[in-house]
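Down below is the structure, laid out as structure tokens.
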Amino acid sequence: MKKFKAATYNTNSIRARMPIILGWLEKEKPDVLCLQESKVQDKDFPVKEFEAHGYQAAFKGQKSYNGVALITKHAVSHVETGLYKTADEEARFVRADISQIPVINVYVPQGFAPGTEKFVYKLRWMEDLLLHLKKEFDPARPLLVAGDFNVAMESKDVFDPVKLKGEVGFHPDEQAIMKKFMAWGLVDVFRKHEQGGGHYTFWDYRIPNGVKRNLGWRIDYILATPPLAERSQRAWIDKEPRLAEKPSDHTFLAVEFEM
DNA sequence: ATGGTCGGCAACCGA
């Protein structure tokens with residue numbers, strides 16, 4: 001039996017978070033790490049730093065905003081960047097095969113607020129991702145879809161479900177699409193291992209002492225099709241990187257499979 | 001006590 005460890009982390013600037021990221025790679029030695037909000041153009045991506053730690057990268061970035069990367073110690077094949085394959089699309093999607101497993105890393109649009117164009121764009125992007133999965137993949141075969149979905153699915157995934165109900169990130173229209181992902185054949189692997197609430201991956205910087213008070217959201221996911229999900233041994237949120245000097249507003253979510 | 005977040009990147013935008 002071989003282990004396969006996968007993780008996801010919204011960096012909120014990969015350059016600002018390199019010490020945290022490299023430290024976590026050394027600590028956990030994951031097979032693949034999915035990063036979002038790298039906020040760096042491809043020409044400035046820190047390829048060499050990752051290589052010095054034994055990792056390669058498949059990535060798609062842009063200036064200032066968005067940006068996704070797959071970091072892995074294995075060979076990569078079938079790399080694809082972009083959901084729409086247009087030159088001007090936002091850098092929110094990267095896929096590669098790693099150890100024979102197709103891995104998709106997404107940064108779903110944040111959506112700003114219900115009733116706005118940005119919210120419509122978020123819903124459309126999610127629907128288009130679902131269409132892509134249905135067209136390109138089979139839920140009867142291994143597939144990993146990880147990243148920042150910017151949606152909390154259930155009441156136990158946010159600190160105040162009554163107050164937040166209907167707000168961006170905790171809106172029925174967003175949750176309905178998440179349910180469609182699950183209905184197609186994706187399993188929320190963290191939820192498979194932990195049924196309790198209060199386990200968050202994101203804390204808004206603007207809430208004073210949000211981390212200390214645990215006023216967070218669980219909006220980052222590692223989703224897997226059943227043949228892969230049934231092999232997961234454990235899933236955990238690692239809050240230790242939050243103790244660093246300049247933490248991201250998200251933290252690491254990790255899963256270990258026995259292959 | 002009369003403020004209160006980050007990062008990018010150069011004035012605000014996005015989260």
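We label chains A, B, ... in the order they appear in the structure tokens, count residues from 1 in each chain, and number ligands from 1 in the order shown.
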With the cut-off set at 12 Å and counting only C-alpha atoms (C1' of nucleotides), tabulate each residue of chain B with an atom at most that distance from an atom of chain A, showing the nearest atom pair and its distance in Å to one decimal, ordered by chain and increasing number, as CSV.
residue,atom,partner,partner_atom,distance
B:DG3,C1',A:Pro208,CA,11.9
B:DG4,C1',A:Pro208,CA,7.0
B:DT5,C1',A:Tyr205,CA,4.6
B:DC6,C1',A:Tyr205,CA,6.8
B:DG7,C1',A:Ser13,CA,6.7
B:DG8,C1',A:Ser64,CA,5.4
B:DC9,C1',A:Ser64,CA,8.1
B:DC13,C1',A:Tyr65,CA,9.6
B:DG14,C1',A:Tyr65,CA,7.8
B:DA15,C1',A:Gln110,CA,7.3
Could you write out the selected residues, including C-alpha atoms (C1' of nucleotides), as a PDB file, in the first residue's frame?
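Produced file out-v9.pdb, reproduced below:
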ATOM      1  C1'  DG B   3      -9.142  53.247  15.812  1.00  0.00           C
ATOM      2  C1'  DG B   4     -10.024  48.407  14.313  1.00  0.00           C
ATOM      3  C1'  DT B   5      -7.169  43.686   7.929  1.00  0.00           C
ATOM      4  C1'  DC B   6      -4.329  42.144   4.087  1.00  0.00           C
ATOM      5  C1'  DG B   7      -1.647  42.205  -0.540  1.00  0.00           C
ATOM      6  C1'  DG B   8      -0.699  44.187  -4.802  1.00  0.00           C
ATOM      7  C1'  DC B   9       0.974  48.045  -6.343  1.00  0.00           C
ATOM      8  C1'  DC B  13      -9.524  47.056  -5.871  1.00  0.00           C
ATOM      9  C1'  DG B  14     -10.610  42.627  -4.310  1.00  0.00           C
ATOM     10  C1'  DA B  15     -11.169  39.401  -0.592  1.00  0.00           C
TER      11       DA B  15
END
**OP:** Per DSSP on the backbone, filter range 129-245 of chain A down to the residues in alpha helix (DSSP H) and report them as a ChimeraX atom specification.
**Re:** /A:129-136,161-164,172-184,189-193,226-229
**OP:** For Ala69 in chain A, please output as a ChimeraX atom specification all residues within 7 Å (counting only C-alpha atoms (C1' of nucleotides); exclusion window: fewer than 3 positions along the same chain).
**Re:** /A:34-36,57-60,94
Original post:
Could you work out how far CA of Trp24 in chain A lies from CA of Asp44 in chain A, giving the answer in Å with one decimal?
Top reply: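 One can read the CA of Asp44 in chain A to CA of Trp24 in chain A distance as 21.4 Å.
Taking only C-alpha atoms (C1' of nucleotides), the non-local environment of range 214-217 of chain A within 7 Å (same-chain residues fewer than 3 positions away omitted) comprises Ala152, Asp157, Val158, Phe159, Tyr200, Thr201, Phe202, Trp203, Gly210 and Val211 of chain A.
Here the residues within range 16-82 of chain A that DSSP labels strand (DSSP E) on the basis of the backbone are Val32, Leu33, Cys34, Leu35, Gln36, Gln56, Ala57, Ala58, Phe59, Lys60, Val68, Ala69, Leu70, Ile71, Thr72, Val76, Ser77, His78, Val79, Glu80 and Thr81 of chain A.
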Original post:
Near Leu25 in chain A, within 9 Å and counting only C-alpha atoms (C1' of nucleotides), which residues show up once chain neighbours fewer than 6 positions away are dropped, as a PyMOL selection string?
Top reply: chain A and resi 33+53+55
